[in-house]
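Engineer: So here's start.txt, just compact mmCIF, C-alpha atoms and all ligand atoms:
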# COMPACT_ATOMS: atom_id res chain seq x y z
CA MET A 129 20.79 2.78 4.86
CA SER A 130 23.02 5.40 6.57
CA ALA A 131 22.44 9.11 5.95
CA ALA A 132 25.72 9.33 3.98
CA ALA A 133 24.78 6.34 1.81
CA SER A 134 21.31 7.69 1.09
CA CYS A 135 22.83 11.08 0.23
CA LEU A 136 25.17 9.35 -2.22
CA GLU A 137 22.26 7.40 -3.71
CA ASP A 138 20.35 10.68 -4.24
CA ALA A 139 23.39 12.16 -5.95
CA LEU A 140 23.73 9.09 -8.17
CA ASP A 141 20.08 9.45 -9.15
CA ASP A 142 20.88 12.96 -10.28
CA LEU A 143 23.71 11.67 -12.41
CA VAL A 144 22.11 12.50 -15.71
CA GLU A 145 21.66 16.13 -14.78
CA LEU A 146 25.14 16.29 -13.24
CA ARG A 147 26.85 14.80 -16.24
CA PRO A 148 24.70 15.19 -19.34
CA PHE A 149 26.14 13.80 -22.53
CA PRO A 150 26.64 16.44 -25.25
CA GLY A 151 23.50 16.60 -27.40
CA ALA A 152 24.88 15.67 -30.82
CA ALA A 153 26.70 12.61 -29.44
CA SER A 154 23.52 11.45 -27.65
CA GLN A 155 21.66 11.68 -30.93
CA VAL A 156 24.43 9.75 -32.69
CA ILE A 157 24.16 6.96 -30.08
CA ALA A 158 20.36 6.90 -30.29
CA VAL A 159 20.38 6.72 -34.07
CA SER A 160 23.14 4.10 -34.16
CA ASP A 161 21.11 1.86 -31.82
CA ASN A 162 18.33 1.79 -34.36
CA PRO A 163 18.88 -1.15 -36.74
CA ASP A 164 17.21 0.84 -39.50
CA ALA A 165 19.61 3.78 -39.05
CA THR A 166 21.53 4.89 -42.05
CA ALA A 167 24.99 6.38 -42.24
CA ARG A 168 23.31 9.45 -43.73
CA GLU A 169 21.41 10.09 -40.48
CA VAL A 170 24.60 9.95 -38.42
CA ILE A 171 26.36 12.23 -40.88
CA GLY A 172 23.42 14.64 -40.73
CA ILE A 173 23.59 14.87 -36.92
CA ILE A 174 27.35 15.47 -36.89
CA LYS A 175 27.07 18.13 -39.60
CA GLN A 176 24.50 20.05 -37.56
CA ASP A 177 27.13 20.57 -34.85
CA PRO A 178 29.95 22.66 -36.41
CA ALA A 179 32.32 22.23 -33.45
CA LEU A 180 31.87 18.45 -33.50
CA SER A 181 32.29 18.35 -37.30
CA LEU A 182 35.54 20.29 -37.01
CA LYS A 183 36.93 17.97 -34.34
CA VAL A 184 35.93 14.85 -36.29
CA LEU A 185 37.70 16.19 -39.40
CA GLN A 186 40.76 17.11 -37.34
CA VAL A 187 41.13 13.53 -36.05
CA ALA A 188 40.15 11.96 -39.39
CA ASN A 189 42.99 13.90 -41.05
CA SER A 190 45.56 13.02 -38.37
CA PRO A 191 48.34 10.50 -39.08
CA LEU A 192 46.23 7.95 -37.16
CA TYR A 193 44.18 7.12 -40.23
CA GLY A 194 46.69 7.82 -42.99
CA PHE A 195 44.60 10.42 -44.87
CA SER A 196 46.51 13.52 -43.79
CA GLY A 197 44.76 16.61 -45.11
CA GLU A 198 42.71 14.69 -47.69
CA ILE A 199 39.37 14.57 -45.84
CA ARG A 200 37.53 17.85 -46.21
CA THR A 201 33.93 16.95 -45.37
CA VAL A 202 32.06 14.76 -42.88
CA ASP A 203 30.53 12.88 -45.84
CA HIS A 204 34.00 12.08 -47.15
CA ALA A 205 35.11 11.00 -43.64
CA ALA A 206 32.17 8.56 -43.52
CA VAL A 207 33.16 7.05 -46.86
CA VAL A 208 36.84 6.53 -46.07
CA LEU A 209 36.61 5.74 -42.34
CA GLY A 210 33.30 3.90 -42.28
CA PHE A 211 30.11 4.39 -40.31
CA ARG A 212 31.19 2.73 -37.04
CA THR A 213 34.50 4.58 -36.87
CA LEU A 214 32.70 7.86 -37.47
CA ARG A 215 30.18 7.03 -34.72
CA ASN A 216 32.95 6.10 -32.27
CA LEU A 217 34.90 9.26 -33.12
CA ALA A 218 31.85 11.40 -32.37
CA ILE A 219 31.30 9.62 -29.03
CA SER A 220 34.95 9.94 -28.02
CA MET A 221 34.87 13.68 -28.79
CA ALA A 222 31.83 14.00 -26.53
CA VAL A 223 33.56 12.10 -23.73
CA GLY A 224 36.49 14.53 -24.00
CA GLU A 225 34.03 17.39 -23.58
CA VAL A 226 32.57 15.73 -20.48
CA PHE A 227 36.03 15.33 -18.94
CA GLY A 228 36.68 19.01 -19.65
CA SER A 229 33.78 20.32 -17.58
CA GLY A 230 33.64 20.52 -13.80
CA ASP A 231 34.89 22.33 -10.70
CA SER A 232 38.10 24.35 -11.21
CA ILE A 233 39.60 22.59 -8.16
CA THR A 234 39.54 19.34 -10.12
CA ALA A 235 40.75 20.75 -13.48
CA LYS A 236 44.30 19.36 -13.29
CA ALA A 237 43.15 15.92 -12.07
CA ARG A 238 40.45 15.75 -14.80
CA GLN A 239 43.01 16.73 -17.45
CA ASP A 240 45.33 13.98 -16.21
CA MET A 241 42.42 11.54 -16.38
CA TRP A 242 41.62 12.52 -19.96
CA THR A 243 45.28 11.98 -20.88
CA HIS A 244 45.11 8.56 -19.18
CA ALA A 245 41.85 7.77 -21.02
CA LEU A 246 43.29 8.68 -24.44
CA SER A 247 46.49 6.73 -23.73
CA CYS A 248 44.49 3.70 -22.63
CA GLY A 249 42.22 3.96 -25.69
CA SER A 250 45.20 4.14 -28.01
CA ILE A 251 47.02 1.21 -26.38
CA ALA A 252 43.77 -0.81 -26.45
CA ARG A 253 43.49 -0.20 -30.19
CA THR A 254 47.11 -1.26 -30.78
CA LEU A 255 46.60 -4.36 -28.60
CA ALA A 256 43.37 -5.37 -30.35
CA THR A 257 45.05 -4.99 -33.74
CA ALA A 258 48.08 -7.03 -32.66
CA ALA A 259 45.96 -9.76 -31.07
CA GLY A 260 43.43 -9.81 -33.92
CA SER A 261 40.75 -10.26 -31.27
CA ALA A 262 38.48 -7.35 -30.34
CA ASN A 263 37.40 -4.64 -32.78
CA PRO A 264 40.14 -1.93 -32.65
CA ASP A 265 37.64 0.96 -32.80
CA GLU A 266 35.47 -0.49 -30.03
CA SER A 267 38.64 -1.09 -27.99
CA PHE A 268 39.61 2.57 -28.40
CA LEU A 269 36.18 3.71 -27.23
CA GLY A 270 36.28 1.31 -24.27
CA GLY A 271 39.65 2.74 -23.24
CA ILE A 272 38.36 6.30 -23.54
CA VAL A 273 35.39 5.70 -21.22
CA HIS A 274 36.65 3.01 -18.81
CA ASP A 275 37.24 5.36 -15.83
CA VAL A 276 34.37 7.74 -16.54
CA GLY A 277 32.80 6.91 -13.15
CA LYS A 278 35.59 8.88 -11.47
CA LEU A 279 34.04 12.06 -12.85
CA PHE A 280 31.06 11.52 -10.57
CA PHE A 281 33.26 11.55 -7.47
CA PHE A 282 34.92 14.76 -8.71
CA ASP A 283 31.46 16.34 -8.85
CA TYR A 284 30.31 14.85 -5.57
CA GLN A 285 33.31 15.68 -3.37
CA PRO A 286 35.82 17.67 -5.48
CA GLU A 287 38.51 18.41 -2.92
CA HIS A 288 38.36 15.09 -1.13
CA TYR A 289 38.37 13.00 -4.33
CA SER A 290 41.15 15.07 -5.90
CA ARG A 291 43.27 14.12 -2.88
CA ILE A 292 42.33 10.44 -3.24
CA VAL A 293 43.41 10.26 -6.87
CA THR A 294 46.47 12.47 -6.69
CA VAL A 295 48.05 11.45 -3.38
CA ASP A 296 49.70 8.05 -3.36
CA THR A 297 47.96 6.39 -0.43
CA GLY A 298 49.32 2.97 -1.29
CA LYS A 299 45.79 1.80 -2.12
CA ASN A 300 44.31 1.49 -5.53
CA SER A 301 41.44 3.80 -6.41
CA VAL A 302 38.72 1.11 -6.15
CA THR A 303 39.69 0.29 -2.55
CA ALA A 304 39.89 3.96 -1.58
CA GLU A 305 36.49 4.71 -3.17
CA LEU A 306 34.81 1.75 -1.49
CA GLU A 307 36.18 2.83 1.89
CA THR A 308 35.12 6.44 1.40
CA PHE A 309 31.89 6.21 -0.60
CA GLY A 310 30.78 2.57 -0.35
CA ILE A 311 30.76 2.33 -4.15
CA ALA A 312 33.59 2.42 -6.70
CA HIS A 313 34.08 4.04 -10.11
CA PRO A 314 33.37 0.89 -12.23
CA ASP A 315 29.81 0.63 -10.86
CA VAL A 316 29.19 4.36 -10.96
CA GLY A 317 30.62 4.54 -14.48
CA GLN A 318 28.36 1.75 -15.69
CA ARG A 319 25.32 3.65 -14.40
CA CYS A 320 26.61 6.73 -16.16
CA GLY A 321 27.13 4.84 -19.43
CA GLN A 322 23.66 3.28 -19.23
CA ASN A 323 22.11 6.71 -18.64
CA TRP A 324 23.95 8.03 -21.66
CA GLY A 325 22.80 5.09 -23.77
CA LEU A 326 26.30 3.78 -24.52
CA PRO A 327 26.35 0.31 -26.15
CA ASP A 328 26.04 -2.66 -23.70
CA GLU A 329 29.50 -4.02 -24.51
CA ILE A 330 31.06 -0.63 -23.68
CA ASN A 331 29.15 -0.45 -20.36
CA ASP A 332 30.46 -3.94 -19.65
CA VAL A 333 34.03 -2.69 -20.19
CA ILE A 334 33.39 0.17 -17.75
CA CYS A 335 31.98 -2.20 -15.12
CA PHE A 336 34.61 -4.94 -15.32
CA HIS A 337 37.86 -3.24 -16.36
CA HIS A 338 39.40 -4.08 -12.97
CA GLU A 339 38.09 -7.66 -12.94
CA PRO A 340 37.82 -8.74 -16.60
CA LEU A 341 37.18 -12.39 -15.80
CA ALA A 342 33.93 -11.49 -14.01
CA THR A 343 32.14 -10.25 -17.14
CA ASP A 344 29.02 -11.96 -18.47
CA PHE A 345 30.06 -11.14 -22.04
CA ASP A 346 32.68 -13.17 -23.92
CA GLY A 347 35.34 -11.01 -22.27
CA THR A 348 37.52 -10.27 -25.30
CA LEU A 349 36.85 -6.53 -25.35
CA VAL A 350 37.01 -6.19 -21.56
CA GLY A 351 40.26 -8.18 -21.51
CA VAL A 352 41.88 -5.91 -24.10
CA VAL A 353 40.87 -2.70 -22.29
CA ALA A 354 41.86 -4.12 -18.88
CA ALA A 355 45.29 -5.01 -20.26
CA ALA A 356 45.59 -1.59 -21.92
CA ASN A 357 44.74 0.08 -18.61
CA GLN A 358 47.54 -1.85 -16.91
CA LEU A 359 50.02 -1.05 -19.69
CA THR A 360 49.08 2.64 -19.50
CA LYS A 361 49.88 2.64 -15.79
CA LEU A 362 53.11 0.69 -16.38
CA TRP A 363 54.35 2.99 -19.15
CA CYS A 364 52.83 6.37 -18.30
CA ASP A 365 51.33 6.76 -14.85
CA ALA A 366 52.52 4.61 -11.98
CA PRO A 367 53.56 1.01 -11.43
CA ASN A 368 50.72 -1.51 -11.38
CA ASP A 369 49.37 -2.33 -7.93
CA ASP A 370 49.92 -6.03 -8.45
CA GLY A 371 53.44 -5.76 -9.90
CA ALA A 372 52.39 -7.31 -13.24
CA THR A 373 55.12 -7.17 -15.90
CA ARG A 374 54.71 -6.28 -19.59
CA THR A 375 54.83 -9.98 -20.48
CA ASP A 376 52.15 -10.85 -17.86
CA ILE A 377 49.84 -8.14 -19.18
CA LEU A 378 50.31 -9.03 -22.85
CA ASN A 379 49.68 -12.70 -22.07
CA SER A 380 46.45 -11.76 -20.28
CA ALA A 381 45.26 -10.18 -23.54
CA GLY A 382 46.16 -13.30 -25.51
CA ILE A 383 49.43 -11.95 -26.94
CA ASP A 384 52.53 -14.13 -26.65
CA LEU A 385 55.66 -12.44 -28.07
CA SER A 386 59.42 -12.96 -27.93
CA PRO A 387 61.38 -10.31 -25.94
CA SER A 388 62.41 -8.48 -29.13
CA GLU A 389 58.83 -8.59 -30.48
CA GLU A 390 57.61 -7.19 -27.16
CA GLU A 391 60.11 -4.33 -27.52
CA GLU A 392 58.78 -3.63 -31.01
CA PHE A 393 55.18 -3.79 -29.77
CA GLU A 394 55.95 -1.26 -27.01
CA ARG A 395 57.68 1.04 -29.49
CA GLN A 396 54.67 0.88 -31.84
CA ALA A 397 52.13 1.34 -29.02
CA LEU A 398 53.93 4.41 -27.66
CA ALA A 399 54.28 5.91 -31.17
CA ASP A 400 50.52 5.35 -31.73
CA MET A 401 49.81 6.94 -28.35
CA ILE A 402 51.74 10.09 -29.27
CA ALA A 403 49.83 10.26 -32.59
CA VAL A 404 46.49 9.96 -30.75
CA GLY A 405 47.52 12.66 -28.27
CA GLU A 406 48.40 15.01 -31.13
CA ALA A 407 45.19 14.20 -33.02
CA TYR A 408 43.11 15.02 -29.95
CA GLY A 409 45.02 18.21 -29.21
CA LEU A 410 46.99 17.08 -26.16
CA THR A 411 50.15 19.10 -25.67
FE FE B 1 39.61 2.16 -13.30
FE FE B 2 42.30 3.57 -15.81
Can you give me the file's structure in the form of structure tokens?
Structural biologist:
Amino acid sequence: MSAAASCLEDALDDLVELRPFPGAASQVIAVSDNPDATAREVIGIIKQDPALSLKVLQVANSPLYGFSGEIRTVDHAAVVLGFRTLRNLAISMAVGEVFGSGDSITAKARQDMWTHALSCGSIARTLATAAGSANPDESFLGGIVHDVGKLFFFDYQPEHYSRIVTVDTGKNSVTAELETFGIAHPDVGQRCGQNWGLPDEINDVICFHHEPLATDFDGTLVGVVAAANQLTKLWCDAPNDDGATRTDILNSAGIDLSPSEEEEFERQALADMIAVGEAYGLT
């Protein structure tokens, strides 16, 4: 192993210390993994963290869920939204916190990544609902975390990686990362997700979002998030590297629509995306 590769390996080993998951969210994940866990335990953990409680209530009361201003307590949120939605909300809040911390040099790039993550999560939820395939909440969470491995490179080489992701080199990020670091963000992100204790199917999304057919799982969730990632680039960021059209991408997620239905889907997905951005405090 070269000196650079072994240095990178050492840094990866330190991943947990570099990017700890906020305490309350870690506890929520740990409790949710326990088959004997009760909703009351999850509620108890969230309530112990006032900042997290506030953020959960803010999103629960957003137009996203149709209960504007009616949900005043975490207990009430659990009743109307359900246990899994509450768990996923708490995790997505924590991921936002993780994206928010790091070197000031990378602040703009990390903010752009968080916007991309939220957009992808929102489009994944709309896609899953339209296709009636994957769980919409799980799809949202998968979209939120799919590129989380990029955060590691921001920590490891802030200036260099900021240039890689912000300058259009004509290469996609996976190719550029492999050339520079010998490892790319899907693999790094999966290690990160495993260290945090994220559910296996979410770690699978992180690992295979650029090659959804390679997954060992049934592929539905990965397929939805992979398609959402492509649509996010098509609509918000930059053209897709492979020139895939809206129809190609929707077909890959199992959605076959007429041109006018596709127009309506895009209108709905973009309206949902704006609502998610507002709920999560994006300006
Ligand atoms: Fe990616
Ligand atoms: Fe992405």
Engineer: Please write out the residues within 9 Å of ligand FE 1 (chain B) as an NGL selection string, counting all atoms listed in the file.
Structural biologist: :A and (274-278 or 301-302 or 312-314 or 334-338 or 354 or 357)
Engineer: Please indicate the distance in Å from CA of Val184 in chain A to CA of Glu394 in chain A, rounded to one decimal place.
Structural biologist: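 Calculated distance between CA of Val184 in chain A and CA of Glu394 in chain A is 27.3 Å.
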Engineer: Have a look at A:Val333, A:Ile402, A:Ile311, A:Ile157 and name the one nearest to ligand FE 2 (chain B); count only C-alpha atoms and all ligand atoms.
Structural biologist: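 Answer, going by the shortest atom-to-atom distance: A:Val333.
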Engineer: Choose the residue, out of A:Arg168, A:His244, A:Arg147, A:Arg319, that has the smallest atom-to-atom separation from Lys361 in chain A; count all atoms listed in the file.
Structural biologist: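 Closest candidate: A:His244.
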Engineer: Step by step: start from the point (42.7, 4.5, -2.6) in the file's coordinates, keep every protein, DNA or RNA residue that has an atom no farther than 12 Å from it, count all atoms listed in the file, and write the set as a list in words.
Structural biologist: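 Applying the cut-off with all atoms listed in the file, one gets His288, Tyr289, Ser290, Arg291, Ile292, Val293, Thr294, Val295, Asp296, Thr297, Gly298, Lys299, Asn300, Ser301, Val302, Thr303, Ala304, Glu305, Leu306, Glu307, Thr308, Phe309, Ala312, His313 and Asp369 of chain A.
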Engineer: For a quick check of understanding, using all atoms listed in the file, which of A:Cys135, A:Ile383, A:Ala262, A:Leu359 has the smallest distance to ligand FE 2 (chain B)?
Structural biologist: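 Of the candidates, the smallest distance to ligand FE 2 (chain B) is held by A:Leu359.
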Engineer: Between A:Met241, A:Leu214, A:Ala258, A:Ala252, single out the one closest to ligand FE 2 (chain B), counting only C-alpha atoms and all ligand atoms.
Structural biologist: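 Once distances to ligand FE 2 (chain B) are computed over only C-alpha atoms and all ligand atoms, the minimum belongs to A:Met241.
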Engineer: Between CA of Ser267 in chain A and CA of Ile251 in chain A, what is the distance, to one decimal in Å?
Structural biologist: 8.8 Å
Engineer: Show which residues sit within 10 Å of range 137-141 of chain A, as a PyMOL selection string. Count all atoms listed in the file, and ignore same-chain residues fewer than 6 positions away.
Structural biologist: chain A and resi 129+131+280-281+283-284+311+316+319-320
Engineer: Which residue is closest to ligand FE 2 (chain B)? Choose from A:Val226, A:Val208, A:Val273, A:Met401 and count all atoms listed in the file.
Structural biologist: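 For ligand FE 2 (chain B), the nearest of the given residues is A:Val273.
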Engineer: Complete range 362-378 of chain A with N, CA and C atoms (output as a short mmCIF file (atom, residue, chain, number, x, y, z; two decimals), keeping the file's coordinate frame).
Structural biologist:
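So the final result, stored in rebuild-v9.cif, reads:
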data_model
loop_
_atom_site.label_atom_id
_atom_site.label_comp_id
_atom_site.auth_asym_id
_atom_site.auth_seq_id
_atom_site.Cartn_x
_atom_site.Cartn_y
_atom_site.Cartn_z
N LEU A 362 51.71 1.15 -16.37
CA LEU A 362 53.11 0.69 -16.38
C LEU A 362 54.01 1.67 -17.14
N TRP A 363 53.52 2.15 -18.28
CA TRP A 363 54.35 2.99 -19.15
C TRP A 363 54.23 4.48 -18.86
N CYS A 364 53.06 4.92 -18.37
CA CYS A 364 52.83 6.37 -18.30
C CYS A 364 52.55 6.91 -16.90
N ASP A 365 51.83 6.17 -16.09
CA ASP A 365 51.33 6.76 -14.85
C ASP A 365 52.13 6.33 -13.62
N ALA A 366 51.91 5.11 -13.20
CA ALA A 366 52.52 4.61 -11.98
C ALA A 366 52.59 3.10 -12.10
N PRO A 367 53.49 2.47 -11.35
CA PRO A 367 53.56 1.01 -11.43
C PRO A 367 52.23 0.36 -11.08
N ASN A 368 51.96 -0.79 -11.69
CA ASN A 368 50.72 -1.51 -11.38
C ASN A 368 50.72 -1.97 -9.94
N ASP A 369 49.51 -1.96 -9.35
CA ASP A 369 49.37 -2.33 -7.93
C ASP A 369 49.83 -3.76 -7.68
N ASP A 370 49.62 -4.63 -8.69
CA ASP A 370 49.92 -6.03 -8.45
C ASP A 370 51.29 -6.44 -8.98
N GLY A 371 52.09 -5.46 -9.44
CA GLY A 371 53.44 -5.76 -9.90
C GLY A 371 53.50 -6.55 -11.20
N ALA A 372 52.41 -6.56 -11.98
CA ALA A 372 52.39 -7.31 -13.24
C ALA A 372 53.41 -6.73 -14.22
N THR A 373 54.12 -7.61 -14.91
CA THR A 373 55.12 -7.17 -15.90
C THR A 373 54.45 -7.01 -17.27
N ARG A 374 55.22 -6.44 -18.22
CA ARG A 374 54.71 -6.28 -19.59
C ARG A 374 54.30 -7.63 -20.17
N THR A 375 55.14 -8.65 -19.96
CA THR A 375 54.83 -9.98 -20.48
C THR A 375 53.54 -10.52 -19.86
N ASP A 376 53.38 -10.38 -18.54
CA ASP A 376 52.15 -10.85 -17.86
C ASP A 376 50.91 -10.20 -18.50
N ILE A 377 51.01 -8.88 -18.69
CA ILE A 377 49.84 -8.14 -19.18
C ILE A 377 49.51 -8.54 -20.62
N LEU A 378 50.56 -8.64 -21.46
CA LEU A 378 50.31 -9.03 -22.85
C LEU A 378 49.72 -10.44 -22.92
#
